[in-house]
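See below for the structure under consideration.
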Amino acid sequence: MNQSLRHFAFFSVLAAALFGARSVPVSRAPEPGGLVLERPVLPAPVRKTRWQELALLFAGRPLPLESPFYELSLCPSFRRHAEAMEFFWDQVRKDSLNAMVSWREKNVPRNLVRNPVLYPLSGADYLNAYALFPQAPQYTFIALEAPGTVPDLYRLTEAEREEGLAAIRRAVATVASVNYMKSKILRKELSNTYIPGTLPVFLLLAGGLGHIVDDVRPVILDEAGKIRDSRWEGEEPSAQTSRKSSAGSVVRGLRMTVRDPESGQSKIIIYLQVRLRKEAVSTATREGKYLSGIHNCNTIFKAAVYLLHNDEYDAVREFVLDRSDLILQDDSGVPYRLFRSEEWAEHLFGTYTRIPPLGGIPDPPQQPVLARRFRESSEPLLFPYGYGVLMGKGKSNLMLFVKKSPRSGLR
């Protein structure tokens, strides 16, 4: 079976598992509403050994009977959440995921599929990063949202669980409807009191994709830009994690270890709460020192609010163009004029004429040369990507730039 058919078969089986099975076995479930855990009835699960089951719980997938989360999954809040997740995954699969798999198999160069992935301005969008580059050994996500902490779901009331889960659903809803996460919604919903941060979203997406979540740890970047284990938010900080230095404030994030359900490949997911600016790629800062260790990567931009079109982001643009073997973006990423034909091979997909109306961007950077190139040479795009979807169905644009002399892999 060739690679394309294997991926198609995998997602077909995954879809059947997600949408064909109910979140709670009917033969063992109590009557709806019959179990409301207002306060703890079981010991809190051991954090280090229950990540996979927590991912299944957030993804709305079935839990094993022996799971300490099983009884919690019978609560009305989680039963409603599982039903909503069934609809979410069904929409994701039909509207974007299946088409992304087909597009990737046809267009991503084979010699670059194992490159590490860099995704600035990402939110917690592991779904697109994995769907487009499933063989990557490591993904680095850069965004402003707080990493969050492990919620003690047993110590929340049913009303508190309902409120927290509803916030997570609102945060990811746009992934199903327009295939990108809206920063304004993320800022509001992921700062909810009860299940906050990007952690539950990463768990939800990894669990729904069928990944085995082996480990999750809170991390910081030390002064040398190295990732170090830290403490969860709310735990008593140590001197190492609380101090500031000449290299700036401590950068917090997450480190997740997951296994691909098809290949068994172990993957590292790094999430860093970092503001993307010129200082972020400077070796004078912690984040800059960390990023300087990334070479020959595949970089993703999607719905990137045209930040890199501003002159104050010239250092970020130069960093991305220098370190990337491949750049995948809509028109909101690196300006088209900076991709020199002698250095980059371009491949255009979908439609681009102009920027759709966007609140908060009074004078958006139109790119007439890019519009002309799309008229001259563009292939169909069968899934939504970036802001083009705001112009209507089938109006997204996607640009694939491949460096003509790439050197793939981590140095």
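Residues in the structure tokens are named by chain (A, B, ... in the order shown) and by number from 1 within that chain; ligands are numbered from 1 in the order shown.
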inquiry  = Set the distance at 7 Å and use only C-alpha atoms: which residues neighbour region 112-117 of chain A once local chain neighbours fewer than 4 positions away are removed? I'd like the list as a list of chain:residue names.
reply    = A:Val108, A:Phe133, A:Gln135, A:Ala136, A:Pro137, A:Gln138, A:Tyr139, A:Thr140, A:Asn296, A:Cys297, A:Asn298, A:Thr299, A:Ser408, A:Gly409, A:Leu410
Expressed in Å, the length from CA of Val250 (chain A) to CA of Thr193 (chain A) is 22.9 Å
When DSSP works through the backbone of this structure, what residues of region 189-356 of chain A end up as strand (DSSP E or B), shown as number ranges by chain?
-> A: 212-221, 227-229, 245, 248, 251-259, 266-273, 297-301, 324-329, 344-350
Run DSSP on the backbone and tell me which residues of region 128-349 of chain A come out as alpha helix (DSSP H); list them as a PDB file with N, CA and C atoms, in the first residue's frame.
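Heads up, here's the output in states-v8.pdb:
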ATOM      1  N   ASN A 128      -3.436  21.343  12.416  1.00  0.00           N
ATOM      2  CA  ASN A 128      -2.891  21.672  11.100  1.00  0.00           C
ATOM      3  C   ASN A 128      -1.421  21.294  10.988  1.00  0.00           C
ATOM      4  N   ALA A 129      -0.660  21.518  12.050  1.00  0.00           N
ATOM      5  CA  ALA A 129       0.763  21.187  12.007  1.00  0.00           C
ATOM      6  C   ALA A 129       0.962  19.698  11.746  1.00  0.00           C
ATOM      7  N   TYR A 130       0.172  18.870  12.425  1.00  0.00           N
ATOM      8  CA  TYR A 130       0.308  17.425  12.228  1.00  0.00           C
ATOM      9  C   TYR A 130      -0.247  16.993  10.876  1.00  0.00           C
ATOM     10  N   ALA A 131      -1.406  17.521  10.494  1.00  0.00           N
ATOM     11  CA  ALA A 131      -2.020  17.108   9.234  1.00  0.00           C
ATOM     12  C   ALA A 131      -1.113  17.418   8.043  1.00  0.00           C
ATOM     13  N   LEU A 132      -0.392  18.520   8.102  1.00  0.00           N
ATOM     14  CA  LEU A 132       0.462  18.931   6.989  1.00  0.00           C
ATOM     15  C   LEU A 132       1.850  18.309   7.051  1.00  0.00           C
ATOM     16  N   GLU A 158     -19.941  20.704  39.163  1.00  0.00           N
ATOM     17  CA  GLU A 158     -20.456  20.409  37.834  1.00  0.00           C
ATOM     18  C   GLU A 158     -20.636  21.690  37.018  1.00  0.00           C
ATOM     19  N   ALA A 159     -21.107  22.745  37.658  1.00  0.00           N
ATOM     20  CA  ALA A 159     -21.277  24.019  36.951  1.00  0.00           C
ATOM     21  C   ALA A 159     -19.928  24.575  36.513  1.00  0.00           C
ATOM     22  N   GLU A 160     -18.910  24.411  37.347  1.00  0.00           N
ATOM     23  CA  GLU A 160     -17.574  24.903  36.986  1.00  0.00           C
ATOM     24  C   GLU A 160     -16.982  24.091  35.839  1.00  0.00           C
ATOM     25  N   ARG A 161     -17.181  22.782  35.857  1.00  0.00           N
ATOM     26  CA  ARG A 161     -16.713  21.954  34.741  1.00  0.00           C
ATOM     27  C   ARG A 161     -17.420  22.339  33.457  1.00  0.00           C
ATOM     28  N   GLU A 162     -18.705  22.573  33.536  1.00  0.00           N
ATOM     29  CA  GLU A 162     -19.468  22.965  32.352  1.00  0.00           C
ATOM     30  C   GLU A 162     -18.937  24.266  31.773  1.00  0.00           C
ATOM     31  N   GLU A 163     -18.667  25.225  32.639  1.00  0.00           N
ATOM     32  CA  GLU A 163     -18.170  26.517  32.167  1.00  0.00           C
ATOM     33  C   GLU A 163     -16.782  26.384  31.528  1.00  0.00           C
ATOM     34  N   GLY A 164     -15.902  25.613  32.163  1.00  0.00           N
ATOM     35  CA  GLY A 164     -14.566  25.423  31.615  1.00  0.00           C
ATOM     36  C   GLY A 164     -14.577  24.693  30.286  1.00  0.00           C
ATOM     37  N   LEU A 165     -15.365  23.622  30.181  1.00  0.00           N
ATOM     38  CA  LEU A 165     -15.442  22.867  28.940  1.00  0.00           C
ATOM     39  C   LEU A 165     -16.073  23.684  27.819  1.00  0.00           C
ATOM     40  N   ALA A 166     -17.069  24.490  28.149  1.00  0.00           N
ATOM     41  CA  ALA A 166     -17.689  25.346  27.129  1.00  0.00           C
ATOM     42  C   ALA A 166     -16.679  26.349  26.582  1.00  0.00           C
ATOM     43  N   ALA A 167     -15.807  26.873  27.448  1.00  0.00           N
ATOM     44  CA  ALA A 167     -14.778  27.806  27.005  1.00  0.00           C
ATOM     45  C   ALA A 167     -13.807  27.128  26.043  1.00  0.00           C
ATOM     46  N   ILE A 168     -13.422  25.900  26.331  1.00  0.00           N
ATOM     47  CA  ILE A 168     -12.532  25.167  25.427  1.00  0.00           C
ATOM     48  C   ILE A 168     -13.200  24.951  24.073  1.00  0.00           C
ATOM     49  N   ARG A 169     -14.478  24.584  24.099  1.00  0.00           N
ATOM     50  CA  ARG A 169     -15.189  24.363  22.832  1.00  0.00           C
ATOM     51  C   ARG A 169     -15.258  25.635  22.005  1.00  0.00           C
ATOM     52  N   ARG A 170     -15.500  26.760  22.666  1.00  0.00           N
ATOM     53  CA  ARG A 170     -15.525  28.025  21.921  1.00  0.00           C
ATOM     54  C   ARG A 170     -14.157  28.356  21.351  1.00  0.00           C
ATOM     55  N   ALA A 171     -13.101  27.994  22.076  1.00  0.00           N
ATOM     56  CA  ALA A 171     -11.746  28.278  21.611  1.00  0.00           C
ATOM     57  C   ALA A 171     -11.402  27.497  20.345  1.00  0.00           C
ATOM     58  N   VAL A 172     -11.861  26.249  20.260  1.00  0.00           N
ATOM     59  CA  VAL A 172     -11.499  25.420  19.105  1.00  0.00           C
ATOM     60  C   VAL A 172     -12.551  25.437  18.002  1.00  0.00           C
ATOM     61  N   ALA A 173     -13.689  26.031  18.248  1.00  0.00           N
ATOM     62  CA  ALA A 173     -14.793  25.963  17.280  1.00  0.00           C
ATOM     63  C   ALA A 173     -14.396  26.479  15.909  1.00  0.00           C
ATOM     64  N   THR A 174     -13.580  27.527  15.854  1.00  0.00           N
ATOM     65  CA  THR A 174     -13.216  28.101  14.555  1.00  0.00           C
ATOM     66  C   THR A 174     -12.310  27.180  13.747  1.00  0.00           C
ATOM     67  N   VAL A 175     -11.647  26.225  14.406  1.00  0.00           N
ATOM     68  CA  VAL A 175     -10.858  25.250  13.652  1.00  0.00           C
ATOM     69  C   VAL A 175     -11.777  24.431  12.753  1.00  0.00           C
ATOM     70  N   ALA A 176     -12.961  24.105  13.250  1.00  0.00           N
ATOM     71  CA  ALA A 176     -13.920  23.345  12.454  1.00  0.00           C
ATOM     72  C   ALA A 176     -14.600  24.213  11.399  1.00  0.00           C
ATOM     73  N   SER A 177     -14.879  25.472  11.721  1.00  0.00           N
ATOM     74  CA  SER A 177     -15.649  26.311  10.805  1.00  0.00           C
ATOM     75  C   SER A 177     -14.788  26.994   9.746  1.00  0.00           C
ATOM     76  N   SER A 183      -7.209  34.740  17.452  1.00  0.00           N
ATOM     77  CA  SER A 183      -6.479  35.147  18.653  1.00  0.00           C
ATOM     78  C   SER A 183      -7.379  35.846  19.664  1.00  0.00           C
ATOM     79  N   LYS A 184      -8.328  36.632  19.199  1.00  0.00           N
ATOM     80  CA  LYS A 184      -9.228  37.329  20.113  1.00  0.00           C
ATOM     81  C   LYS A 184     -10.055  36.339  20.925  1.00  0.00           C
ATOM     82  N   ILE A 185     -10.526  35.289  20.279  1.00  0.00           N
ATOM     83  CA  ILE A 185     -11.308  34.271  20.975  1.00  0.00           C
ATOM     84  C   ILE A 185     -10.416  33.481  21.925  1.00  0.00           C
ATOM     85  N   LEU A 186      -9.207  33.135  21.474  1.00  0.00           N
ATOM     86  CA  LEU A 186      -8.293  32.388  22.335  1.00  0.00           C
ATOM     87  C   LEU A 186      -7.971  33.154  23.607  1.00  0.00           C
ATOM     88  N   ARG A 187      -7.679  34.451  23.459  1.00  0.00           N
ATOM     89  CA  ARG A 187      -7.331  35.251  24.637  1.00  0.00           C
ATOM     90  C   ARG A 187      -8.451  35.238  25.658  1.00  0.00           C
ATOM     91  N   LYS A 188      -9.679  35.324  25.188  1.00  0.00           N
ATOM     92  CA  LYS A 188     -10.815  35.361  26.094  1.00  0.00           C
ATOM     93  C   LYS A 188     -11.095  33.995  26.705  1.00  0.00           C
ATOM     94  N   GLU A 189     -11.195  32.971  25.873  1.00  0.00           N
ATOM     95  CA  GLU A 189     -11.666  31.672  26.346  1.00  0.00           C
ATOM     96  C   GLU A 189     -10.593  30.893  27.109  1.00  0.00           C
ATOM     97  N   LEU A 199      -2.906  24.091  27.289  1.00  0.00           N
ATOM     98  CA  LEU A 199      -2.736  22.668  27.580  1.00  0.00           C
ATOM     99  C   LEU A 199      -3.963  21.836  27.230  1.00  0.00           C
ATOM    100  N   PRO A 200      -5.187  22.185  27.692  1.00  0.00           N
ATOM    101  CA  PRO A 200      -6.337  21.342  27.356  1.00  0.00           C
ATOM    102  C   PRO A 200      -6.616  21.279  25.863  1.00  0.00           C
ATOM    103  N   VAL A 201      -6.277  22.341  25.123  1.00  0.00           N
ATOM    104  CA  VAL A 201      -6.498  22.327  23.675  1.00  0.00           C
ATOM    105  C   VAL A 201      -5.520  21.374  22.998  1.00  0.00           C
ATOM    106  N   PHE A 202      -4.247  21.425  23.391  1.00  0.00           N
ATOM    107  CA  PHE A 202      -3.281  20.480  22.834  1.00  0.00           C
ATOM    108  C   PHE A 202      -3.696  19.041  23.144  1.00  0.00           C
ATOM    109  N   LEU A 203      -4.154  18.791  24.373  1.00  0.00           N
ATOM    110  CA  LEU A 203      -4.594  17.448  24.730  1.00  0.00           C
ATOM    111  C   LEU A 203      -5.805  17.032  23.912  1.00  0.00           C
ATOM    112  N   LEU A 204      -6.755  17.929  23.752  1.00  0.00           N
ATOM    113  CA  LEU A 204      -7.960  17.646  22.968  1.00  0.00           C
ATOM    114  C   LEU A 204      -7.603  17.258  21.536  1.00  0.00           C
ATOM    115  N   LEU A 205      -6.719  18.039  20.907  1.00  0.00           N
ATOM    116  CA  LEU A 205      -6.377  17.783  19.506  1.00  0.00           C
ATOM    117  C   LEU A 205      -5.543  16.512  19.366  1.00  0.00           C
ATOM    118  N   ALA A 206      -4.588  16.309  20.262  1.00  0.00           N
ATOM    119  CA  ALA A 206      -3.782  15.090  20.196  1.00  0.00           C
ATOM    120  C   ALA A 206      -4.647  13.858  20.439  1.00  0.00           C
ATOM    121  N   GLY A 207      -5.537  13.924  21.425  1.00  0.00           N
ATOM    122  CA  GLY A 207      -6.413  12.796  21.699  1.00  0.00           C
ATOM    123  C   GLY A 207      -7.358  12.504  20.561  1.00  0.00           C
ATOM    124  N   GLY A 208      -7.905  13.549  19.947  1.00  0.00           N
ATOM    125  CA  GLY A 208      -8.819  13.351  18.832  1.00  0.00           C
ATOM    126  C   GLY A 208      -8.146  12.806  17.592  1.00  0.00           C
ATOM    127  N   ALA A 239      13.435  29.325  42.995  1.00  0.00           N
ATOM    128  CA  ALA A 239      14.233  30.493  42.602  1.00  0.00           C
ATOM    129  C   ALA A 239      14.561  30.448  41.120  1.00  0.00           C
ATOM    130  N   GLN A 240      14.766  29.238  40.594  1.00  0.00           N
ATOM    131  CA  GLN A 240      15.123  29.108  39.191  1.00  0.00           C
ATOM    132  C   GLN A 240      14.020  29.609  38.284  1.00  0.00           C
ATOM    133  N   THR A 241      12.753  29.364  38.655  1.00  0.00           N
ATOM    134  CA  THR A 241      11.660  29.700  37.766  1.00  0.00           C
ATOM    135  C   THR A 241      11.082  31.076  38.011  1.00  0.00           C
ATOM    136  N   SER A 242      11.484  31.764  39.079  1.00  0.00           N
ATOM    137  CA  SER A 242      10.834  33.027  39.413  1.00  0.00           C
ATOM    138  C   SER A 242      11.683  34.254  39.112  1.00  0.00           C
ATOM    139  N   ARG A 286      16.293  34.918  25.905  1.00  0.00           N
ATOM    140  CA  ARG A 286      16.157  33.479  26.104  1.00  0.00           C
ATOM    141  C   ARG A 286      15.521  32.811  24.884  1.00  0.00           C
ATOM    142  N   GLU A 287      14.394  33.397  24.418  1.00  0.00           N
ATOM    143  CA  GLU A 287      13.706  32.795  23.285  1.00  0.00           C
ATOM    144  C   GLU A 287      14.543  32.842  22.018  1.00  0.00           C
ATOM    145  N   GLY A 288      15.312  33.936  21.859  1.00  0.00           N
ATOM    146  CA  GLY A 288      16.177  34.041  20.696  1.00  0.00           C
ATOM    147  C   GLY A 288      17.271  32.988  20.707  1.00  0.00           C
ATOM    148  N   LYS A 289      17.824  32.727  21.882  1.00  0.00           N
ATOM    149  CA  LYS A 289      18.841  31.682  21.994  1.00  0.00           C
ATOM    150  C   LYS A 289      18.250  30.312  21.679  1.00  0.00           C
ATOM    151  N   TYR A 290      17.030  30.071  22.148  1.00  0.00           N
ATOM    152  CA  TYR A 290      16.387  28.791  21.827  1.00  0.00           C
ATOM    153  C   TYR A 290      16.148  28.672  20.319  1.00  0.00           C
ATOM    154  N   LEU A 291      15.565  29.701  19.723  1.00  0.00           N
ATOM    155  CA  LEU A 291      15.241  29.634  18.300  1.00  0.00           C
ATOM    156  C   LEU A 291      16.481  29.535  17.424  1.00  0.00           C
ATOM    157  N   ASP A 314      11.377  43.077  10.433  1.00  0.00           N
ATOM    158  CA  ASP A 314      12.335  42.654   9.418  1.00  0.00           C
ATOM    159  C   ASP A 314      13.279  41.577   9.928  1.00  0.00           C
ATOM    160  N   ALA A 315      13.666  41.628  11.210  1.00  0.00           N
ATOM    161  CA  ALA A 315      14.564  40.616  11.763  1.00  0.00           C
ATOM    162  C   ALA A 315      13.872  39.253  11.811  1.00  0.00           C
ATOM    163  N   VAL A 316      12.575  39.250  12.117  1.00  0.00           N
ATOM    164  CA  VAL A 316      11.826  37.992  12.139  1.00  0.00           C
ATOM    165  C   VAL A 316      11.728  37.423  10.727  1.00  0.00           C
ATOM    166  N   ARG A 317      11.458  38.285   9.756  1.00  0.00           N
ATOM    167  CA  ARG A 317      11.389  37.821   8.363  1.00  0.00           C
ATOM    168  C   ARG A 317      12.708  37.208   7.928  1.00  0.00           C
ATOM    169  N   GLU A 318      13.792  37.884   8.233  1.00  0.00           N
ATOM    170  CA  GLU A 318      15.107  37.380   7.833  1.00  0.00           C
ATOM    171  C   GLU A 318      15.401  36.043   8.501  1.00  0.00           C
ATOM    172  N   PHE A 319      15.031  35.919   9.762  1.00  0.00           N
ATOM    173  CA  PHE A 319      15.248  34.662  10.475  1.00  0.00           C
ATOM    174  C   PHE A 319      14.490  33.524   9.797  1.00  0.00           C
ATOM    175  N   VAL A 320      13.218  33.753   9.492  1.00  0.00           N
ATOM    176  CA  VAL A 320      12.386  32.710   8.898  1.00  0.00           C
ATOM    177  C   VAL A 320      12.926  32.312   7.523  1.00  0.00           C
ATOM    178  N   LEU A 321      13.272  33.295   6.713  1.00  0.00           N
ATOM    179  CA  LEU A 321      13.768  32.995   5.372  1.00  0.00           C
ATOM    180  C   LEU A 321      15.109  32.268   5.416  1.00  0.00           C
ATOM    181  N   ASP A 322      15.918  32.587   6.399  1.00  0.00           N
ATOM    182  CA  ASP A 322      17.233  31.954   6.513  1.00  0.00           C
ATOM    183  C   ASP A 322      17.130  30.532   7.040  1.00  0.00           C
ATOM    184  N   ARG A 323      16.270  30.287   8.030  1.00  0.00           N
ATOM    185  CA  ARG A 323      16.246  28.997   8.720  1.00  0.00           C
ATOM    186  C   ARG A 323      15.316  27.978   8.075  1.00  0.00           C
TER     187      ARG A 323
END
Inset, instruction - Can you pull out every residue within 8 Å of region 374-384 of chain A, counting only C-alpha atoms, but drop anything in the same chain fewer than 4 positions away, and send it as a ChimeraX atom specification? - result: /A:95-97,99-100,178-179,347-353,370,388-389,393-398
